[in-house]
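*Asks:* Take a look at start18.cif, mmCIF, C-alpha atoms:
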```
data_upload
loop_
_atom_site.label_atom_id
_atom_site.label_comp_id
_atom_site.auth_asym_id
_atom_site.auth_seq_id
_atom_site.Cartn_x
_atom_site.Cartn_y
_atom_site.Cartn_z
CA MET P 1 15.46 -1.45 92.05
CA SER P 2 14.55 0.20 88.77
CA SER P 3 15.56 3.74 88.08
CA GLN P 4 13.11 6.45 89.02
CA SER P 5 13.46 7.70 85.44
CA ASP P 6 11.75 4.59 84.06
CA PRO P 7 8.91 5.56 81.72
CA GLN P 8 5.60 5.83 83.56
CA PRO P 9 2.62 3.99 82.10
CA PRO P 10 -0.30 6.06 80.88
CA LEU P 11 -3.15 6.13 83.39
CA ARG P 12 -6.38 4.54 82.17
CA GLU P 13 -9.78 4.26 83.81
CA PRO P 14 -11.98 2.43 81.28
CA ASP P 15 -15.74 2.90 81.40
CA LEU P 16 -18.02 0.27 82.91
CA PRO P 17 -18.60 -2.79 80.74
CA ARG P 18 -21.81 -3.15 78.78
CA THR P 19 -22.88 -6.73 79.33
CA ALA P 20 -24.52 -7.10 75.95
CA LYS P 21 -21.23 -6.36 74.21
CA VAL P 22 -19.20 -9.00 75.99
CA ARG P 23 -21.59 -11.93 76.26
CA PRO P 24 -23.18 -14.00 73.51
CA LYS P 25 -26.53 -13.44 75.16
CA ALA P 26 -27.39 -10.31 77.10
CA LEU P 27 -28.29 -10.87 80.72
CA ARG P 28 -31.71 -9.83 81.92
CA THR P 29 -32.00 -6.60 83.88
CA GLY P 30 -34.15 -6.33 86.98
CA PHE P 31 -35.58 -3.72 89.32
CA THR P 32 -34.08 -2.13 92.41
CA THR P 33 -35.57 -2.31 95.90
CA GLY P 34 -36.45 1.37 95.45
CA ALA P 35 -38.42 0.78 92.26
CA CYS P 36 -40.24 -2.20 93.76
CA SER P 37 -41.11 -0.16 96.84
CA ALA P 38 -42.49 2.63 94.66
CA ALA P 39 -44.64 0.12 92.76
CA ALA P 40 -45.95 -1.37 96.01
CA ALA P 41 -46.65 2.13 97.32
CA ARG P 42 -48.70 2.98 94.26
CA ALA P 43 -50.66 -0.27 94.54
CA ALA P 44 -51.39 0.41 98.22
CA ALA P 45 -52.49 3.96 97.41
CA GLU P 46 -54.86 2.67 94.72
CA LEU P 47 -56.26 0.16 97.22
CA LEU P 48 -56.79 2.99 99.71
CA VAL P 49 -58.68 5.10 97.16
CA THR P 50 -60.69 2.46 95.26
CA GLY P 51 -61.01 -0.36 97.78
CA GLU P 52 -59.56 -2.77 95.20
CA LEU P 53 -56.03 -4.10 94.93
CA PRO P 54 -54.73 -3.72 91.35
CA ALA P 55 -53.16 -6.73 89.65
CA THR P 56 -50.50 -4.51 88.07
CA VAL P 57 -49.27 -0.95 88.39
CA ASP P 58 -46.97 1.23 86.33
CA ILE P 59 -44.70 3.89 87.77
CA GLY P 60 -42.37 6.57 86.48
CA PHE P 61 -38.58 6.12 86.43
CA PRO P 62 -35.80 8.71 86.49
CA ASP P 63 -35.22 8.19 82.75
CA GLY P 64 -38.74 9.46 82.05
CA LYS P 65 -40.11 6.05 81.08
CA ARG P 66 -42.87 4.13 82.82
CA ARG P 67 -42.58 0.45 83.68
CA ARG P 68 -45.15 -2.08 84.83
CA PHE P 69 -45.01 -4.32 87.90
CA GLN P 70 -47.04 -7.31 89.03
CA VAL P 71 -48.65 -6.85 92.43
CA ASP P 72 -48.23 -10.02 94.47
CA SER P 73 -50.75 -9.51 97.25
CA GLY P 74 -52.21 -7.01 99.69
CA SER P 75 -54.60 -6.27 102.52
CA ALA P 76 -57.08 -3.53 103.34
CA GLU P 77 -56.44 -2.53 106.97
CA PRO P 78 -54.22 -0.61 106.57
CA ALA P 79 -54.02 -0.45 102.78
CA THR P 80 -50.97 -2.59 102.03
CA ALA P 81 -49.47 -4.06 98.86
CA VAL P 82 -46.58 -6.42 98.14
CA VAL P 83 -44.26 -6.42 95.12
CA VAL P 84 -41.68 -9.20 94.88
CA LYS P 85 -38.26 -8.01 93.76
CA ASP P 86 -36.99 -9.46 90.50
CA ALA P 87 -33.29 -8.66 90.24
CA GLY P 88 -33.04 -10.13 86.75
CA ASP P 89 -29.83 -12.07 86.24
CA ASP P 90 -28.00 -10.15 88.95
CA PRO P 91 -26.72 -12.23 91.91
CA ASP P 92 -28.45 -9.93 94.37
CA VAL P 93 -29.14 -10.94 97.99
CA THR P 94 -32.47 -9.10 97.83
CA HIS P 95 -33.73 -11.04 94.80
CA GLY P 96 -37.14 -12.40 95.78
CA ALA P 97 -37.56 -9.95 98.66
CA ARG P 98 -41.17 -9.04 99.38
CA LEU P 99 -41.27 -5.23 99.36
CA THR P 100 -44.33 -4.49 101.48
CA VAL P 101 -45.76 -0.99 101.67
CA SER P 102 -48.68 0.38 103.65
CA VAL P 103 -50.32 3.76 103.01
CA VAL P 104 -52.29 5.51 105.76
CA PRO P 105 -54.02 8.91 105.21
CA ARG P 106 -52.67 12.08 106.83
CA GLU P 107 -54.57 15.33 107.32
CA ASP P 108 -51.70 17.76 106.66
CA GLY P 109 -51.04 16.92 103.01
CA GLU P 110 -47.52 15.61 103.67
CA VAL P 111 -46.24 12.30 102.30
CA LEU P 112 -43.87 10.90 104.93
CA LEU P 113 -41.76 7.77 104.50
CA HIS P 114 -41.06 5.34 107.33
CA GLY P 115 -38.94 2.23 107.63
CA GLY P 116 -40.60 -0.78 109.16
CA GLU P 117 -39.30 -4.25 109.95
CA GLY P 118 -36.44 -5.31 107.70
CA VAL P 119 -35.49 -1.78 106.59
CA GLY P 120 -32.21 -0.56 108.06
CA THR P 121 -31.76 2.46 110.30
CA VAL P 122 -28.96 4.95 109.63
CA THR P 123 -26.64 5.35 112.63
CA LYS P 124 -23.65 7.19 111.10
CA PRO P 125 -23.27 10.36 109.02
CA GLY P 126 -21.82 10.29 105.54
CA LEU P 127 -24.62 8.58 103.63
CA GLY P 128 -26.53 11.72 102.78
CA LEU P 129 -29.39 10.45 104.97
CA GLU P 130 -30.68 11.57 108.35
CA VAL P 131 -29.05 9.74 111.25
CA GLY P 132 -31.76 7.82 113.05
CA GLY P 133 -33.93 7.67 109.95
CA PRO P 134 -34.64 4.80 107.59
CA ALA P 135 -32.05 3.79 104.99
CA ILE P 136 -34.12 4.89 102.01
CA ASN P 137 -31.94 6.64 99.46
CA PRO P 138 -32.92 9.92 97.75
CA VAL P 139 -33.94 8.55 94.33
CA PRO P 140 -36.21 5.85 95.81
CA ARG P 141 -37.72 8.49 98.11
CA GLN P 142 -38.58 10.59 95.09
CA MET P 143 -39.97 7.61 93.15
CA ILE P 144 -42.10 6.47 96.09
CA GLY P 145 -43.40 9.97 96.75
CA ASP P 146 -44.24 10.52 93.09
CA ALA P 147 -46.03 7.16 92.84
CA VAL P 148 -48.22 7.97 95.85
CA ARG P 149 -48.91 11.54 94.73
CA GLU P 150 -50.10 10.32 91.32
CA VAL P 151 -52.91 8.50 93.11
CA LEU P 152 -53.63 10.70 96.14
CA GLY P 153 -53.06 14.12 94.59
CA GLU P 154 -52.67 16.70 97.36
CA ARG P 155 -53.80 14.38 100.12
CA GLY P 156 -51.16 13.32 102.61
CA ALA P 157 -50.09 9.85 103.71
CA ASP P 158 -47.77 7.94 105.97
CA VAL P 159 -45.95 5.42 103.80
CA THR P 160 -44.27 2.56 105.65
CA ILE P 161 -41.96 0.07 103.93
CA THR P 162 -41.24 -3.32 105.44
CA VAL P 163 -39.16 -6.19 104.12
CA PRO P 164 -39.82 -9.57 105.75
CA GLY P 165 -36.45 -11.21 106.35
CA GLY P 166 -34.62 -7.98 105.56
CA GLU P 167 -32.50 -8.03 108.70
CA LYS P 168 -31.11 -11.45 107.76
CA MET P 169 -30.47 -10.32 104.17
CA ALA P 170 -28.52 -7.33 105.46
CA TYR P 171 -25.85 -9.56 106.99
CA LYS P 172 -24.79 -10.42 103.42
CA THR P 173 -24.27 -6.74 102.59
CA THR P 174 -21.88 -4.01 103.78
CA ASN P 175 -24.68 -2.21 105.65
CA ARG P 176 -23.38 -2.76 109.16
CA ARG P 177 -19.97 -1.40 108.25
CA LEU P 178 -21.65 1.70 106.84
CA GLY P 179 -23.61 2.12 110.06
CA ILE P 180 -26.94 0.78 108.80
CA PHE P 181 -28.50 -1.65 111.25
CA GLY P 182 -31.67 -3.71 111.41
CA GLY P 183 -32.26 -4.40 107.75
CA ILE P 184 -31.52 -3.67 104.12
CA SER P 185 -31.30 -0.32 102.37
CA ILE P 186 -33.91 0.81 99.87
CA LEU P 187 -31.59 1.60 96.99
CA GLY P 188 -31.40 2.61 93.37
CA THR P 189 -30.33 5.56 91.27
CA THR P 190 -32.02 4.49 88.04
CA GLY P 191 -34.58 1.96 89.27
CA ILE P 192 -32.92 -0.69 87.10
CA VAL P 193 -30.58 -3.44 88.30
CA ARG P 194 -27.83 -4.02 85.75
CA PRO P 195 -26.54 -7.60 85.76
CA PHE P 196 -23.65 -8.20 88.13
CA SER P 197 -24.13 -4.81 89.72
CA THR P 198 -21.05 -3.16 88.27
CA ALA P 199 -22.60 0.28 88.55
CA SER P 200 -23.97 -0.34 92.04
CA TRP P 201 -20.63 -1.74 93.20
CA ARG P 202 -18.84 1.42 92.09
CA SER P 203 -21.48 3.47 93.85
CA SER P 204 -21.08 1.46 97.05
CA VAL P 205 -17.29 1.94 96.94
CA GLU P 206 -17.70 5.70 96.64
CA GLN P 207 -20.28 5.68 99.42
CA ALA P 208 -17.98 3.69 101.71
CA VAL P 209 -15.22 6.29 101.30
CA SER P 210 -17.73 9.04 102.10
CA VAL P 211 -18.77 7.26 105.30
CA LEU P 212 -15.14 6.80 106.31
CA SER P 213 -14.56 10.52 105.84
CA ALA P 214 -17.65 11.39 107.87
CA GLN P 215 -16.19 9.29 110.72
CA GLN P 216 -13.01 11.44 110.56
CA GLY P 217 -11.07 8.56 109.04
CA ARG P 218 -7.81 9.53 107.37
CA VAL P 219 -6.69 6.20 105.89
CA ALA P 220 -8.69 4.06 103.44
CA VAL P 221 -7.65 0.41 103.28
CA LEU P 222 -8.65 -0.91 99.87
CA SER P 223 -8.87 -4.59 98.98
CA THR P 224 -10.16 -6.51 96.00
CA GLY P 225 -12.33 -9.05 97.80
CA GLY P 226 -13.05 -11.05 100.93
CA ARG P 227 -9.74 -12.90 101.21
CA THR P 228 -7.58 -9.85 100.70
CA GLU P 229 -9.72 -7.82 103.08
CA ARG P 230 -9.27 -10.39 105.84
CA VAL P 231 -5.51 -10.14 105.38
CA ALA P 232 -5.75 -6.34 105.42
CA MET P 233 -7.63 -6.43 108.71
CA ARG P 234 -4.93 -8.61 110.26
CA LEU P 235 -2.29 -6.29 108.84
CA LEU P 236 -3.84 -3.11 110.24
CA PRO P 237 -5.75 -4.15 113.38
CA ASP P 238 -5.82 -0.61 114.78
CA GLU P 239 -7.79 0.81 111.86
CA PRO P 240 -11.58 1.05 112.39
CA GLU P 241 -13.76 -1.40 110.51
CA VAL P 242 -15.20 1.42 108.40
CA ALA P 243 -11.72 2.00 106.92
CA PHE P 244 -11.73 -1.36 105.11
CA ILE P 245 -13.34 -1.10 101.69
CA GLU P 246 -13.73 -3.87 99.10
CA VAL P 247 -13.18 -2.00 95.85
CA GLY P 248 -13.34 -4.93 93.43
CA ASP P 249 -12.42 -3.37 90.07
CA PHE P 250 -13.09 0.21 91.14
CA THR P 251 -9.79 1.35 92.61
CA GLY P 252 -9.86 4.56 90.58
CA ALA P 253 -13.31 5.50 91.91
CA ALA P 254 -12.12 4.96 95.49
CA VAL P 255 -8.98 7.06 94.95
CA ARG P 256 -10.93 9.90 93.37
CA ARG P 257 -13.44 9.98 96.24
CA ALA P 258 -10.61 9.79 98.81
CA VAL P 259 -9.06 12.90 97.24
CA GLU P 260 -12.41 14.68 97.22
CA HIS P 261 -12.89 13.99 100.93
CA GLY P 262 -9.40 15.04 101.92
CA LEU P 263 -8.09 11.68 103.12
CA ASP P 264 -4.35 11.41 103.74
CA GLU P 265 -3.42 7.87 102.81
CA LEU P 266 -4.43 4.74 100.93
CA VAL P 267 -3.38 1.16 101.59
CA PHE P 268 -4.04 -1.29 98.76
CA VAL P 269 -4.03 -5.03 99.45
CA GLY P 270 -4.42 -7.39 96.51
CA MET P 271 -3.18 -10.40 94.59
CA ILE P 272 -0.78 -10.37 91.68
CA GLY P 273 -3.39 -10.14 88.89
CA LYS P 274 -5.00 -6.90 90.05
CA LEU P 275 -1.64 -5.49 91.11
CA THR P 276 -0.24 -6.09 87.63
CA LYS P 277 -3.13 -4.25 86.00
CA LEU P 278 -2.71 -1.33 88.38
CA ALA P 279 1.06 -1.26 87.86
CA SER P 280 0.43 -0.91 84.13
CA GLY P 281 -1.70 2.18 84.77
CA VAL P 282 -5.20 0.68 84.62
CA VAL P 283 -7.30 1.82 87.59
CA MET P 284 -10.62 0.23 86.56
CA THR P 285 -9.67 -3.42 86.23
CA HIS P 286 -12.79 -5.26 85.05
CA TYR P 287 -11.75 -8.25 82.94
CA THR P 288 -13.65 -6.98 79.89
CA ARG P 289 -11.79 -3.68 79.92
CA SER P 290 -8.23 -4.65 80.74
CA LYS P 291 -5.76 -7.50 80.39
CA VAL P 292 -2.87 -8.51 82.59
CA ASP P 293 0.32 -7.12 81.10
CA THR P 294 2.56 -10.16 81.46
CA GLY P 295 5.16 -8.27 79.42
CA LEU P 296 5.60 -5.99 82.43
CA LEU P 297 6.09 -9.05 84.62
CA GLY P 298 8.60 -10.41 82.12
CA ARG P 299 10.59 -7.18 82.31
CA LEU P 300 10.67 -7.44 86.10
CA THR P 301 11.85 -11.04 85.80
CA ALA P 302 14.73 -9.93 83.59
CA GLU P 303 15.57 -6.96 85.80
CA PHE P 304 16.00 -9.12 88.88
CA GLY P 305 18.07 -11.89 87.35
CA GLY P 306 15.56 -14.38 86.01
CA SER P 307 16.84 -16.83 83.41
CA GLU P 308 16.13 -16.27 79.75
CA GLN P 309 13.69 -19.20 79.89
CA ASP P 310 11.89 -17.67 82.86
CA VAL P 311 11.66 -14.28 81.18
CA THR P 312 10.15 -15.85 78.07
CA GLU P 313 7.74 -18.00 80.05
CA VAL P 314 6.53 -15.07 82.15
CA SER P 315 6.22 -12.72 79.18
CA GLU P 316 4.15 -15.27 77.25
CA ALA P 317 2.09 -16.47 80.23
CA ALA P 318 -1.68 -16.42 79.92
CA THR P 319 -2.13 -15.31 83.53
CA ALA P 320 -0.32 -13.39 86.25
CA ARG P 321 -0.61 -16.46 88.43
CA ARG P 322 1.71 -18.32 86.07
CA ALA P 323 4.29 -15.56 86.46
CA TYR P 324 3.91 -15.88 90.24
CA GLU P 325 4.67 -19.61 89.98
CA VAL P 326 7.72 -19.02 87.79
CA TRP P 327 9.04 -16.44 90.23
CA GLN P 328 8.53 -18.89 93.09
CA ARG P 329 10.60 -21.65 91.50
CA GLY P 330 13.54 -19.29 90.95
CA ASP P 331 15.39 -16.82 93.14
CA CYS P 332 13.71 -13.58 92.09
CA PHE P 333 10.30 -13.86 93.71
CA SER P 334 10.76 -11.40 96.56
CA ALA P 335 12.53 -8.78 94.46
CA CYS P 336 10.01 -8.94 91.60
CA ALA P 337 6.97 -8.94 93.86
CA HIS P 338 8.33 -6.09 95.98
CA ARG P 339 9.03 -4.02 92.89
CA LEU P 340 5.53 -4.69 91.58
CA CYS P 341 4.11 -3.28 94.83
CA GLU P 342 6.27 -0.19 94.41
CA LEU P 343 5.00 0.31 90.86
CA VAL P 344 1.38 0.08 92.04
CA ALA P 345 2.02 2.64 94.76
CA ALA P 346 3.59 4.99 92.21
CA VAL P 347 0.64 4.66 89.82
CA LEU P 348 -1.95 5.30 92.53
CA GLU P 349 -0.03 8.26 93.91
CA ARG P 350 0.18 9.73 90.41
CA PHE P 351 -3.53 9.08 89.80
CA SER P 352 -4.45 10.78 93.09
CA GLU P 353 -2.32 13.76 92.11
CA GLU P 354 -4.16 14.00 88.78
CA CYS P 355 -7.43 13.88 90.76
CA GLY P 356 -6.34 16.96 92.67
CA ARG P 357 -4.00 16.00 95.51
CA LYS P 358 -1.25 13.45 95.94
CA LEU P 359 -1.99 10.85 98.61
CA ARG P 360 0.49 8.58 100.32
CA VAL P 361 0.00 5.01 99.08
CA ARG P 362 1.26 1.74 100.55
CA VAL P 363 0.73 -1.64 98.89
CA ALA P 364 0.76 -5.29 99.93
CA MET P 365 0.58 -8.45 97.83
CA VAL P 366 -1.31 -11.46 99.22
CA ASP P 367 -0.86 -15.10 98.28
CA PHE P 368 -3.60 -17.02 96.50
CA GLU P 369 -4.74 -18.75 99.67
CA GLY P 370 -5.37 -15.42 101.35
CA GLU P 371 -3.05 -16.37 104.19
CA HIS P 372 0.14 -14.34 103.87
CA VAL P 373 1.53 -11.05 102.71
CA VAL P 374 4.28 -12.14 100.31
CA ALA P 375 5.56 -8.68 99.36
CA ALA P 376 4.87 -5.08 100.34
CA THR P 377 6.15 -1.55 100.23
CA GLU P 378 6.50 -1.96 104.01
CA ALA P 379 8.97 -4.79 104.69
CA ARG P 380 7.53 -5.36 108.18
CA TRP P 381 4.21 -6.39 106.66
CA VAL P 382 5.64 -9.44 104.89
CA THR P 383 4.70 -12.68 106.65
CA TRP P 384 6.12 -15.15 104.13
CA GLN P 385 9.64 -15.46 102.81
CA SER P 386 10.71 -17.03 99.53
CA ARG P 387 13.34 -19.71 99.67
#
```
Could you rewrite the structure in this file as structure tokens?
*Replies:*
Amino acid sequence: MSSQSDPQPPLREPDLPRTAKVRPKALRTGFTTGACSAAAARAAAELLVTGELPATVDIGFPDGKRRRFQVDSGSAEPATAVVVKDAGDDPDVTHGARLTVSVVPREDGEVLLHGGEGVGTVTKPGLGLEVGGPAINPVPRQMIGDAVREVLGERGADVTITVPGGEKMAYKTTNRRLGIFGGISILGTTGIVRPFSTASWRSSVEQAVSVLSAQQGRVAVLSTGGRTERVAMRLLPDEPEVAFIEVGDFTGAAVRRAVEHGLDELVFVGMIGKLTKLASGVVMTHYTRSKVDTGLLGRLTAEFGGSEQDVTEVSEAATARRAYEVWQRGDCFSACAHRLCELVAAVLERFSEECGRKLRVRVAMVDFEGEHVVAATEARWVTWQSR
């Protein structure tokens, strides 16, 4: 094992990528379910007041700008309008969803929001929403209310949002784990969908930690994706489902929120590429903002007896996977992989301490098939042995 006096890598949490800077052609932005619901609400309110369904409407956004939407269809009894969600070039499960909003007058001047078919119901605390109420987040609530008020003035209304097929869409989201059942959430903090949802993913990671804390959870089990999460669940079968959080590239965001909520421990389960980035001090690991430090892997190869050829090959490798393969063909796999897990744990513990409080961190490395734990800070977790 390396000396504890080894130099520690500087901690880095790069900002989110800006798609236009890293692609030859910028990807097209879209609109959130919240923005589309607000547009449909305005169209329904105009239908209620004028008796005519507008072909387009424009609504205000949190950035102070106004944007225009096509109105797909509507009906008069009750006044209802449909706006079809365009998520731009984002691979969003709600792309094409028909956000359907009805507006019915109230006598008391209040504008009340309701979730109809296809809109999820909140069943657990920690989301900043009323338990038992519809999963309509605060910014969309404000946008919808403002859009209706612009048309109705001081008159009140019951505003009901439905999403045909929303319950089926929700199975492709993390809603059920967060305690949202029966449909999708009406989301959005800016009204705009940024391609590939980097910002929304980070937000969902932070939200998942908040929900875990609200359920009195003390341990967050972080993974990078579906395969590593399945291994994590087999590894820690006694942890509640809400404890398992797919962080993608946003490990740093999860750690920071875990510190804020007073959690005690983190478990990180990943493959060698993400682990190498974390071991080198990078806690936001998007490919446009960080590279795998194969030099670090080369140093581990040398430390644990790899041949000069192996050290050179690992240090000059284009990917961490190649280093993994070189380790496998020699005799240093287990030692190198175990040490890499220790380095990741040390980085995340140090990052948590810088965030305000040092958390206990345990780490496991998973093979590329998502079948076995090949190395870990806990020897009993390892389910595969090198030759």
*Asks:* Please enumerate the residues selected by the PyMOL selection byres ((chain P and resi 84) around 7) when evaluated against the supplied file, formatted as a ChimeraX atom specification.
*Replies:* /P:72,82-83,85-86,96-99
*Asks:* Grab the residues selected above and save them as a PDB file, in the coordinates of the input with C-alpha atoms.
*Replies:*
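Produced file out-v5.pdb, reproduced below:
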```pdb
ATOM      1  CA  ASP P  72     -48.230 -10.020  94.470  1.00  0.00           C
ATOM      2  CA  VAL P  82     -46.580  -6.420  98.140  1.00  0.00           C
ATOM      3  CA  VAL P  83     -44.260  -6.420  95.120  1.00  0.00           C
ATOM      4  CA  LYS P  85     -38.260  -8.010  93.760  1.00  0.00           C
ATOM      5  CA  ASP P  86     -36.990  -9.460  90.500  1.00  0.00           C
ATOM      6  CA  GLY P  96     -37.140 -12.400  95.780  1.00  0.00           C
ATOM      7  CA  ALA P  97     -37.560  -9.950  98.660  1.00  0.00           C
ATOM      8  CA  ARG P  98     -41.170  -9.040  99.380  1.00  0.00           C
ATOM      9  CA  LEU P  99     -41.270  -5.230  99.360  1.00  0.00           C
TER      10      LEU P  99
END
```
*Asks:* List the spatial neighbours of P:Pro125 as a PyMOL selection string - criterion: any atom at most 8 Å away, all atoms listed in the file, same-chain residues fewer than 4 positions off excluded.
*Replies:* chain P and resi 129-131+211+214-215
*Asks:* Between P:Thr80, P:Ala302, P:Leu11, P:Gly156, which has the minimum distance to P:Glu52 (counting only C-alpha atoms)?
*Replies:*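 Comparing P:Thr80, P:Ala302, P:Leu11, P:Gly156 against P:Glu52, the winner is P:Thr80.
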*Asks:* Which residues match the PyMOL selection byres ((chain P and resi 362) around 8) in the file above, as a PyMOL selection string?
*Replies:* chain P and resi 266-268+345+360-361+363-364+376-378
*Asks:* Write the residues of the selection above to a file with C-alpha atoms, as an mmCIF file, in the coordinates of the input.
*Replies:*
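selection_21.cif, written as the output of this step:
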```
data_model
loop_
_atom_site.group_PDB
_atom_site.id
_atom_site.type_symbol
_atom_site.label_atom_id
_atom_site.label_comp_id
_atom_site.auth_asym_id
_atom_site.auth_seq_id
_atom_site.Cartn_x
_atom_site.Cartn_y
_atom_site.Cartn_z
ATOM 1 C CA LEU P 266 -4.430 4.740 100.930
ATOM 2 C CA VAL P 267 -3.380 1.160 101.590
ATOM 3 C CA PHE P 268 -4.040 -1.290 98.760
ATOM 4 C CA ALA P 345 2.020 2.640 94.760
ATOM 5 C CA ARG P 360 0.490 8.580 100.320
ATOM 6 C CA VAL P 361 0.000 5.010 99.080
ATOM 7 C CA VAL P 363 0.730 -1.640 98.890
ATOM 8 C CA ALA P 364 0.760 -5.290 99.930
ATOM 9 C CA ALA P 376 4.870 -5.080 100.340
ATOM 10 C CA THR P 377 6.150 -1.550 100.230
ATOM 11 C CA GLU P 378 6.500 -1.960 104.010
#
```
*Asks:* Considering only C-alpha atoms, state which residue in the set P:Gly120, P:Pro134, P:Gly153, P:Gly217 is at the smallest distance from P:Glu46.
*Replies:*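 Result for the nearest residue to P:Glu46: P:Gly153.
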*Asks:* Suppose you want the space between atom CA of P:Ala279 and atom CA of P:Thr174; what is it in Å?
*Replies:*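 Going from atom CA of P:Ala279 over to atom CA of P:Thr174, I get 28.1 Å.
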*Asks:* For stretch 313-323 of chain P, please output as a list in words all residues within 7 Å (counting only C-alpha atoms; exclusion window: fewer than 3 positions along the same chain).
*Replies:*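 Everything that qualifies: Ile272, Gly273, Val292, Thr294, Gly295, Leu297, Gly298, Gln309, Asp310, Val326 and Trp327 of chain P.
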*Asks:* In Å, with one decimal, what is the gap from atom CA of P:Met233 to atom CA of P:Lys358?
*Replies:*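 Atom CA of P:Lys358 lies 24.5 Å from atom CA of P:Met233.
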*Asks:* In Å, how far is it from atom CA of P:Val231 to atom CA of P:Phe368?
*Replies:*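 These two atoms are separated by 11.4 Å.
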*Asks:* Do you know which residues are at most 12 Å from P:Ser102 counting all atoms listed in the file, after dropping those on the same chain fewer than 5 positions away, and could you put them as a PyMOL selection string?
*Replies:* chain P and resi 37-48+73-83+112-116+144+148+157-163
*Asks:* Once you have the residues from the selection above, write them out as a PDB file, in the coordinates of the input, restricted to C-alpha atoms.
*Replies:*
```
ATOM      1  CA  SER P  37     -41.110  -0.160  96.840  1.00  0.00           C
ATOM      2  CA  ALA P  38     -42.490   2.630  94.660  1.00  0.00           C
ATOM      3  CA  ALA P  39     -44.640   0.120  92.760  1.00  0.00           C
ATOM      4  CA  ALA P  40     -45.950  -1.370  96.010  1.00  0.00           C
ATOM      5  CA  ALA P  41     -46.650   2.130  97.320  1.00  0.00           C
ATOM      6  CA  ARG P  42     -48.700   2.980  94.260  1.00  0.00           C
ATOM      7  CA  ALA P  43     -50.660  -0.270  94.540  1.00  0.00           C
ATOM      8  CA  ALA P  44     -51.390   0.410  98.220  1.00  0.00           C
ATOM      9  CA  ALA P  45     -52.490   3.960  97.410  1.00  0.00           C
ATOM     10  CA  GLU P  46     -54.860   2.670  94.720  1.00  0.00           C
ATOM     11  CA  LEU P  47     -56.260   0.160  97.220  1.00  0.00           C
ATOM     12  CA  LEU P  48     -56.790   2.990  99.710  1.00  0.00           C
ATOM     13  CA  SER P  73     -50.750  -9.510  97.250  1.00  0.00           C
ATOM     14  CA  GLY P  74     -52.210  -7.010  99.690  1.00  0.00           C
ATOM     15  CA  SER P  75     -54.600  -6.270 102.520  1.00  0.00           C
ATOM     16  CA  ALA P  76     -57.080  -3.530 103.340  1.00  0.00           C
ATOM     17  CA  GLU P  77     -56.440  -2.530 106.970  1.00  0.00           C
ATOM     18  CA  PRO P  78     -54.220  -0.610 106.570  1.00  0.00           C
ATOM     19  CA  ALA P  79     -54.020  -0.450 102.780  1.00  0.00           C
ATOM     20  CA  THR P  80     -50.970  -2.590 102.030  1.00  0.00           C
ATOM     21  CA  ALA P  81     -49.470  -4.060  98.860  1.00  0.00           C
ATOM     22  CA  VAL P  82     -46.580  -6.420  98.140  1.00  0.00           C
ATOM     23  CA  VAL P  83     -44.260  -6.420  95.120  1.00  0.00           C
ATOM     24  CA  LEU P 112     -43.870  10.900 104.930  1.00  0.00           C
ATOM     25  CA  LEU P 113     -41.760   7.770 104.500  1.00  0.00           C
ATOM     26  CA  HIS P 114     -41.060   5.340 107.330  1.00  0.00           C
ATOM     27  CA  GLY P 115     -38.940   2.230 107.630  1.00  0.00           C
ATOM     28  CA  GLY P 116     -40.600  -0.780 109.160  1.00  0.00           C
ATOM     29  CA  ILE P 144     -42.100   6.470  96.090  1.00  0.00           C
ATOM     30  CA  VAL P 148     -48.220   7.970  95.850  1.00  0.00           C
ATOM     31  CA  ALA P 157     -50.090   9.850 103.710  1.00  0.00           C
ATOM     32  CA  ASP P 158     -47.770   7.940 105.970  1.00  0.00           C
ATOM     33  CA  VAL P 159     -45.950   5.420 103.800  1.00  0.00           C
ATOM     34  CA  THR P 160     -44.270   2.560 105.650  1.00  0.00           C
ATOM     35  CA  ILE P 161     -41.960   0.070 103.930  1.00  0.00           C
ATOM     36  CA  THR P 162     -41.240  -3.320 105.440  1.00  0.00           C
ATOM     37  CA  VAL P 163     -39.160  -6.190 104.120  1.00  0.00           C
TER      38      VAL P 163
END
```
